[in-house]
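Have a look at run_21.txt; it's compact mmCIF, C-alpha atoms:
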```txt
# COMPACT_ATOMS: atom_id res chain seq x y z
CA TYR A 98 90.48 -5.42 51.88
CA GLN A 99 93.76 -4.44 53.50
CA ASP A 100 95.65 -1.39 52.28
CA PRO A 101 99.29 -1.89 51.16
CA VAL A 102 100.82 -0.01 54.10
CA SER A 103 98.99 -2.23 56.61
CA THR A 104 100.17 -5.30 54.68
CA TYR A 105 103.80 -4.20 54.90
CA MET A 106 103.52 -3.50 58.63
CA THR A 107 102.01 -6.97 59.07
CA ASN A 108 105.00 -8.42 57.22
CA ILE A 109 107.39 -6.65 59.61
CA MET A 110 105.62 -8.08 62.64
CA GLY A 111 105.58 -11.46 60.95
CA THR A 112 109.38 -11.43 61.04
CA VAL A 113 109.29 -10.53 64.74
CA ASN A 114 106.80 -13.32 65.47
CA ILE A 115 108.88 -15.93 63.64
CA LEU A 116 112.01 -14.95 65.54
CA GLU A 117 110.14 -14.88 68.85
CA ALA A 118 108.82 -18.38 68.17
CA ALA A 119 112.33 -19.53 67.26
CA ARG A 120 113.58 -18.55 70.72
CA SER A 121 111.46 -21.32 72.27
CA LEU A 122 112.56 -24.13 69.93
CA ASN A 123 115.27 -26.10 71.69
CA ALA A 124 116.21 -28.25 68.70
CA LEU A 125 116.59 -25.32 66.31
CA LYS A 126 120.06 -24.90 64.83
CA ALA A 127 119.74 -22.37 62.02
CA ILE A 128 117.40 -19.83 60.45
CA VAL A 129 117.53 -18.38 56.93
CA ILE A 130 115.19 -15.42 56.42
CA ILE A 131 114.50 -14.08 52.94
CA THR A 132 113.98 -10.34 52.57
CA SER A 133 114.62 -8.46 49.30
CA ASP A 134 117.09 -6.32 47.39
CA LYS A 135 114.61 -3.48 48.06
CA CYS A 136 115.90 -3.36 51.67
CA TYR A 137 118.72 -1.02 50.67
CA ASP A 138 118.51 2.77 50.88
CA ASN A 139 118.54 3.13 47.11
CA LYS A 140 120.66 6.04 45.86
CA GLU A 141 120.16 5.11 42.19
CA TRP A 142 123.85 4.23 41.94
CA MET A 143 125.31 2.65 38.82
CA TRP A 144 127.04 -0.05 40.89
CA GLY A 145 125.67 -2.86 43.00
CA TYR A 146 124.77 -2.64 46.68
CA ARG A 147 126.89 -4.61 49.12
CA GLU A 148 125.68 -6.24 52.31
CA SER A 149 127.23 -3.45 54.39
CA GLU A 150 125.20 -0.67 52.71
CA ALA A 151 122.56 1.25 54.66
CA MET A 152 119.02 -0.07 54.95
CA GLY A 153 116.09 2.15 53.97
CA GLY A 154 113.61 2.95 51.22
CA MET A 155 111.40 5.77 49.95
CA ASP A 156 108.27 3.62 49.70
CA PRO A 157 106.49 1.46 52.31
CA TYR A 158 107.51 -1.84 50.70
CA SER A 159 111.23 -0.98 50.64
CA SER A 160 111.10 0.43 54.14
CA SER A 161 109.42 -2.74 55.42
CA LYS A 162 112.24 -4.86 53.99
CA GLY A 163 114.87 -2.59 55.51
CA CYS A 164 113.06 -2.83 58.87
CA ALA A 165 112.98 -6.61 58.60
CA GLU A 166 116.76 -6.68 58.12
CA LEU A 167 117.30 -4.45 61.17
CA ILE A 168 115.04 -6.70 63.24
CA ILE A 169 116.90 -9.83 62.13
CA ASN A 170 120.24 -8.28 63.04
CA ALA A 171 118.91 -7.17 66.44
CA TYR A 172 117.66 -10.67 67.28
CA ARG A 173 120.89 -12.21 66.03
CA ASN A 174 122.97 -10.01 68.31
CA SER A 175 120.62 -10.01 71.30
CA PHE A 176 119.16 -13.50 71.53
CA PHE A 177 121.05 -15.84 69.17
CA ASN A 178 124.66 -14.99 69.94
CA GLN A 179 127.37 -17.19 71.43
CA ALA A 180 126.88 -15.72 74.91
CA SER A 181 123.18 -16.59 75.01
CA ASP A 182 121.49 -19.87 75.87
CA ARG A 183 120.07 -20.04 72.33
CA SER A 184 123.11 -20.06 70.07
CA VAL A 185 121.10 -20.34 66.83
CA LEU A 186 122.81 -19.28 63.60
CA VAL A 187 120.70 -16.68 61.78
CA ALA A 188 121.28 -15.45 58.23
CA SER A 189 119.28 -13.06 56.05
CA VAL A 190 119.35 -13.37 52.27
CA ARG A 191 118.54 -10.85 49.54
CA ALA A 192 117.81 -11.59 45.90
CA GLY A 193 117.17 -9.50 42.83
CA ASN A 194 113.94 -9.41 40.80
CA VAL A 195 113.10 -13.10 40.78
CA ILE A 196 111.20 -14.55 37.81
CA GLY A 197 110.24 -18.09 36.91
CA GLY A 198 107.37 -20.38 35.99
CA GLY A 199 104.41 -20.70 38.32
CA ASP A 200 104.43 -17.19 39.80
CA CYS A 201 100.84 -15.91 39.79
CA ALA A 202 101.25 -12.99 42.22
CA MET A 203 99.58 -9.68 41.42
CA ASP A 204 101.50 -6.64 40.16
CA ARG A 205 104.51 -8.60 39.00
CA ILE A 206 105.75 -7.78 35.53
CA LEU A 207 106.36 -11.35 34.30
CA THR A 208 102.98 -12.50 35.59
CA ASP A 209 101.34 -9.55 33.83
CA ILE A 210 103.23 -10.33 30.62
CA VAL A 211 102.19 -13.97 30.39
CA THR A 212 98.65 -13.39 31.63
CA SER A 213 98.08 -10.82 28.88
CA ALA A 214 99.70 -13.11 26.31
CA SER A 215 97.43 -15.98 27.32
CA ASN A 216 94.31 -13.92 26.59
CA SER A 217 95.70 -12.07 23.55
CA SER A 218 95.83 -8.66 25.21
CA SER A 219 98.64 -6.18 25.88
CA VAL A 220 100.57 -5.69 29.09
CA PHE A 221 100.74 -2.04 30.18
CA LEU A 222 104.18 -0.89 31.31
CA ARG A 223 104.26 1.64 34.17
CA SER A 224 108.02 2.21 34.21
CA PRO A 225 109.49 0.83 30.96
CA GLY A 226 112.87 2.49 31.56
CA ALA A 227 113.36 1.18 35.10
CA THR A 228 116.20 -1.33 35.34
CA ARG A 229 116.16 -4.36 37.60
CA PRO A 230 118.48 -7.34 38.31
CA TRP A 231 116.35 -10.08 36.72
CA GLN A 232 117.20 -13.63 37.76
CA HIS A 233 115.59 -17.04 37.56
CA VAL A 234 114.08 -18.20 40.85
CA LEU A 235 116.45 -21.18 40.96
CA GLU A 236 119.47 -18.86 41.25
CA PRO A 237 118.78 -17.38 44.69
CA LEU A 238 117.28 -20.67 45.87
CA SER A 239 120.62 -22.35 45.25
CA GLY A 240 122.22 -19.62 47.36
CA TYR A 241 119.68 -19.93 50.17
CA LEU A 242 120.19 -23.68 50.37
CA THR A 243 123.96 -23.21 50.34
CA ILE A 244 123.75 -20.81 53.30
CA GLY A 245 121.47 -23.21 55.19
CA TRP A 246 123.90 -26.04 54.54
CA HIS A 247 126.82 -24.04 55.98
CA LEU A 248 124.83 -22.93 59.02
CA LEU A 249 123.79 -26.50 59.81
CA THR A 250 127.47 -27.47 59.87
CA GLY A 251 128.00 -24.85 62.60
CA LYS A 252 129.84 -22.20 60.59
CA ARG A 253 129.05 -19.10 62.63
CA GLU A 254 130.94 -16.83 60.25
CA PHE A 255 128.15 -17.38 57.71
CA ALA A 256 125.41 -16.18 60.10
CA GLU A 257 125.01 -12.73 58.56
CA ALA A 258 123.47 -11.00 55.54
CA TRP A 259 124.03 -12.24 51.97
CA ASN A 260 123.26 -11.00 48.46
CA PHE A 261 122.41 -13.45 45.69
CA GLY A 262 122.08 -11.34 42.58
CA PRO A 263 122.50 -12.08 38.86
CA TYR A 264 125.24 -11.20 36.41
CA ALA A 265 125.51 -7.52 35.49
CA GLU A 266 124.15 -8.32 32.02
CA ASN A 267 120.84 -9.29 33.65
CA ASN A 268 120.36 -5.75 34.95
CA VAL A 269 118.20 -4.45 32.12
CA SER A 270 115.10 -2.30 31.69
CA VAL A 271 111.51 -3.46 31.92
CA LEU A 272 111.11 -2.69 28.22
CA GLU A 273 114.10 -4.88 27.31
CA LEU A 274 112.63 -7.67 29.43
CA VAL A 275 109.31 -7.54 27.58
CA LYS A 276 111.03 -7.47 24.18
CA GLU A 277 113.09 -10.52 25.17
CA ALA A 278 109.88 -12.26 26.22
CA GLN A 279 108.43 -11.52 22.78
CA LYS A 280 111.29 -13.45 21.17
CA ASN A 281 110.15 -16.55 23.05
CA TRP A 282 106.37 -16.13 22.69
CA ASP A 283 104.87 -14.21 19.78
CA LYS A 284 101.64 -13.58 21.72
CA VAL A 285 103.42 -11.13 24.03
CA ASN A 286 102.32 -7.55 23.32
CA PHE A 287 102.77 -4.35 25.29
CA ASP A 288 101.68 -0.74 25.57
CA PHE A 289 102.65 2.14 27.84
CA ASP A 290 100.70 3.13 30.92
CA LYS A 291 100.93 6.93 31.10
CA GLY A 292 98.94 7.31 34.30
CA LYS A 293 100.31 8.44 37.66
CA HIS A 294 101.73 5.76 39.91
CA PRO A 295 103.53 5.53 43.29
CA HIS A 296 107.30 5.99 43.39
CA GLU A 297 109.39 3.18 41.90
CA ALA A 298 113.17 3.04 41.92
CA GLY A 299 114.70 3.74 38.52
CA SER A 300 117.77 1.56 39.02
CA LEU A 301 118.78 -1.18 41.43
CA MET A 302 121.56 -3.77 41.35
CA LEU A 303 123.14 -6.15 43.86
CA ASP A 304 126.83 -6.87 44.43
CA SER A 305 127.19 -10.61 45.13
CA THR A 306 130.98 -10.63 45.46
CA LYS A 307 130.75 -11.89 49.03
CA ALA A 308 128.77 -15.00 48.03
CA VAL A 309 131.04 -15.62 45.06
CA LYS A 310 134.22 -15.40 47.12
CA LEU A 311 133.17 -17.09 50.37
CA LEU A 312 130.56 -19.60 49.19
CA GLN A 313 131.87 -20.27 45.68
CA TRP A 314 128.33 -19.49 44.55
CA LYS A 315 127.59 -17.82 41.25
CA PRO A 316 124.68 -17.49 38.83
CA VAL A 317 124.17 -20.27 36.30
CA TRP A 318 122.04 -18.59 33.62
CA GLY A 319 122.46 -15.30 31.80
CA PHE A 320 119.63 -12.94 30.89
CA GLN A 321 118.51 -14.58 27.66
CA LYS A 322 118.30 -18.08 29.10
CA THR A 323 116.62 -16.77 32.25
CA VAL A 324 113.82 -15.24 30.16
CA GLU A 325 113.68 -18.22 27.79
CA LYS A 326 113.14 -20.74 30.62
CA THR A 327 110.62 -18.50 32.35
CA ILE A 328 108.50 -17.84 29.27
CA SER A 329 108.69 -21.46 28.09
CA TRP A 330 107.18 -22.63 31.39
CA TYR A 331 104.14 -20.38 30.94
CA LYS A 332 103.84 -21.07 27.23
CA TYR A 333 103.67 -24.82 27.83
CA TYR A 334 101.22 -24.28 30.69
CA TYR A 335 98.82 -22.01 28.82
CA GLU A 336 99.00 -23.65 25.39
CA LYS A 337 99.42 -27.33 26.29
CA GLY A 338 98.39 -27.61 29.94
CA LEU A 339 101.86 -28.97 30.83
CA ILE A 340 104.04 -28.10 33.83
CA THR A 341 107.75 -28.29 32.99
CA THR A 342 109.19 -27.44 36.42
CA GLU A 343 111.09 -30.72 36.82
CA GLU A 344 112.67 -30.50 33.36
CA ILE A 345 113.83 -26.91 33.98
CA LEU A 346 115.21 -27.84 37.42
CA ASN A 347 117.17 -30.75 35.97
CA GLU A 348 118.59 -28.54 33.21
CA TYR A 349 119.59 -25.91 35.77
CA ILE A 350 121.43 -28.48 37.91
CA SER A 351 123.12 -29.92 34.83
CA ASP A 352 124.31 -26.48 33.71
CA ALA A 353 125.59 -25.75 37.23
CA MET A 354 127.58 -28.99 37.21
CA LYS A 355 129.13 -28.06 33.87
CA LYS A 356 130.33 -24.81 35.45
CA ASP A 357 131.72 -26.67 38.49
CA ILE A 358 129.67 -24.58 40.90
CA LYS A 359 130.37 -25.90 44.39
CA TRP A 360 126.82 -26.75 45.52
CA SER A 361 126.21 -28.85 42.39
CA GLN A 362 129.22 -31.06 43.16
CA VAL A 363 128.05 -32.12 46.64
```
In structure tokens, write the structure found in this file.
Amino acid sequence: YQDPVSTYMTNIMGTVNILEAARSLNALKAIVIITSDKCYDNKEWMWGYRESEAMGGMDPYSSSKGCAELIINAYRNSFFNQASDRSVLVASVRAGNVIGGGDCAMDRILTDIVTSASNSSSVFLRSPGATRPWQHVLEPLSGYLTIGWHLLTGKREFAEAWNFGPYAENNVSVLELVKEAQKNWDKVNFDFDKGKHPHEAGSLMLDSTKAVKLLQWKPVWGFQKTVEKTISWYKYYYEKGLITTEEILNEYISDAMKKDIKWSQV
């Protein structure tokens, strides 16, 4: 057993170790490191956080992500700059609350929803009123790959921090998320957990204007389709033993092409 605080500290040092190892790789051209939208010093604002906002966090997890971002920036400026012998392009990327088929991690709301549905029990909601920027996992992945593509072409101006968040309509409460899941799978049931729990942010949203303007990136799916595709993956898996990842990926790419999103046209 390892307590959560020790786990977060290990994650911070993991970022340091990766960057230290990168310094010795002569053929390395670019690094893309994924942190989290929780890296921001959350003021419970009604607007989205931009890449220039302060890092921080009231809980160990958020603080660890803010620390990771500070470490990345320090290595970028100290060891991977144009004046150094290792001119590697380093970017950090931040997503919203990512959901999608195949996620079996503990203490994640979508995993809890579908696990309870699969065994005909109820999911207990700790913070039903908390709002989060829900997005399908393919959304930020398309952004991460776009950043990597630009870095590999030597575009130093892209070696910085980037947000890849969903549309504003996707920023809804946990309760709304569960109710939307119910529309797609009638076995989804919920109840309220009235016990005491560690601090959780009440509201959080990303501003992805930078990625939209400079990368011509934008989300493909709105909230309803995001939940539909996520729940359908689990429903097929639990009820029919089928994995529909490839079909969902192909549909996502097709929808991106219809919207003329730059990465889909390459």
Would you list the residues near (113.9, -18.6, 61.1) (no more than 8 Å away, in the coordinates of the file, using all atoms listed in the file) as a PyMOL selection string? chain A and resi 115-116+119+127-130+187
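Here the question is which of A:Val285, A:Met110, A:Val190, A:Leu125 gets nearest to Ser217 in chain A using all atoms listed in the file, and that residue is A:Val285.
Here CA of Lys280 in chain A is placed at a distance of 12.7 Å from CA of Ala214 in chain A.
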Please tell me which residues are no farther than 12 Å from (113.5, -1.8, 54.4) in the file, counting all atoms listed in the file, and write them as a ChimeraX atom specification. /A:105-106,108-109,132-139,150-169,191
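The coordinates place CA of Val275 in chain A at 14.8 Å from CA of Val195 in chain A.
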Taking all atoms listed in the file into account, which of A:Asn174, A:Asn267, A:Gln179, A:Asn216 comes nearest Tyr335 in chain A? A:Asn216
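Picture a line from CA of Trp231 in chain A to CA of Asn260 in chain A; it runs 13.7 Å.
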Write range 269-284 of chain A as a JSON list (two decimals), keeping the file's coordinate frame, completed to N, CA, C and O atoms.
```
[["chain", "number", "residue", "atom", "x", "y", "z"],
["A", 269, "VAL", "N", 118.70, -5.14, 33.31],
["A", 269, "VAL", "CA", 118.20, -4.45, 32.12],
["A", 269, "VAL", "C", 116.84, -3.83, 32.41],
["A", 269, "VAL", "O", 116.23, -4.09, 33.45],
["A", 270, "SER", "N", 116.35, -3.02, 31.49],
["A", 270, "SER", "CA", 115.10, -2.30, 31.69],
["A", 270, "SER", "C", 113.89, -3.22, 31.54],
["A", 270, "SER", "O", 113.97, -4.30, 30.95],
["A", 271, "VAL", "N", 112.77, -2.74, 32.06],
["A", 271, "VAL", "CA", 111.51, -3.46, 31.92],
["A", 271, "VAL", "C", 111.17, -3.65, 30.44],
["A", 271, "VAL", "O", 110.72, -4.71, 30.02],
["A", 272, "LEU", "N", 111.40, -2.61, 29.65],
["A", 272, "LEU", "CA", 111.11, -2.69, 28.22],
["A", 272, "LEU", "C", 111.95, -3.76, 27.54],
["A", 272, "LEU", "O", 111.44, -4.54, 26.71],
["A", 273, "GLU", "N", 113.23, -3.84, 27.88],
["A", 273, "GLU", "CA", 114.10, -4.88, 27.31],
["A", 273, "GLU", "C", 113.62, -6.27, 27.72],
["A", 273, "GLU", "O", 113.69, -7.22, 26.94],
["A", 274, "LEU", "N", 113.15, -6.39, 28.95],
["A", 274, "LEU", "CA", 112.63, -7.67, 29.43],
["A", 274, "LEU", "C", 111.43, -8.11, 28.59],
["A", 274, "LEU", "O", 111.35, -9.28, 28.16],
["A", 275, "VAL", "N", 110.51, -7.20, 28.35],
["A", 275, "VAL", "CA", 109.31, -7.54, 27.58],
["A", 275, "VAL", "C", 109.68, -7.91, 26.14],
["A", 275, "VAL", "O", 109.14, -8.86, 25.57],
["A", 276, "LYS", "N", 110.60, -7.17, 25.56],
["A", 276, "LYS", "CA", 111.03, -7.47, 24.18],
["A", 276, "LYS", "C", 111.71, -8.83, 24.10],
["A", 276, "LYS", "O", 111.55, -9.56, 23.11],
["A", 277, "GLU", "N", 112.47, -9.19, 25.14],
["A", 277, "GLU", "CA", 113.09, -10.52, 25.17],
["A", 277, "GLU", "C", 112.02, -11.60, 25.30],
["A", 277, "GLU", "O", 112.13, -12.66, 24.69],
["A", 278, "ALA", "N", 110.99, -11.31, 26.08],
["A", 278, "ALA", "CA", 109.88, -12.26, 26.22],
["A", 278, "ALA", "C", 109.19, -12.47, 24.88],
["A", 278, "ALA", "O", 108.77, -13.60, 24.56],
["A", 279, "GLN", "N", 109.06, -11.42, 24.09],
["A", 279, "GLN", "CA", 108.43, -11.52, 22.78],
["A", 279, "GLN", "C", 109.16, -12.49, 21.87],
["A", 279, "GLN", "O", 108.55, -13.17, 21.04],
["A", 280, "LYS", "N", 110.49, -12.55, 22.00],
["A", 280, "LYS", "CA", 111.29, -13.45, 21.17],
["A", 280, "LYS", "C", 110.94, -14.91, 21.44],
["A", 280, "LYS", "O", 111.14, -15.78, 20.58],
["A", 281, "ASN", "N", 110.44, -15.18, 22.65],
["A", 281, "ASN", "CA", 110.15, -16.55, 23.05],
["A", 281, "ASN", "C", 108.67, -16.91, 22.97],
["A", 281, "ASN", "O", 108.31, -18.08, 23.07],
["A", 282, "TRP", "N", 107.81, -15.88, 22.81],
["A", 282, "TRP", "CA", 106.37, -16.13, 22.69],
["A", 282, "TRP", "C", 105.77, -14.98, 21.90],
["A", 282, "TRP", "O", 105.68, -13.86, 22.38],
["A", 283, "ASP", "N", 105.35, -15.27, 20.67],
["A", 283, "ASP", "CA", 104.87, -14.21, 19.78],
["A", 283, "ASP", "C", 103.54, -13.60, 20.21],
["A", 283, "ASP", "O", 103.10, -12.60, 19.64],
["A", 284, "LYS", "N", 102.90, -14.16, 21.23],
["A", 284, "LYS", "CA", 101.64, -13.58, 21.72],
["A", 284, "LYS", "C", 101.87, -12.44, 22.72],
["A", 284, "LYS", "O", 100.90, -11.78, 23.14]]
```
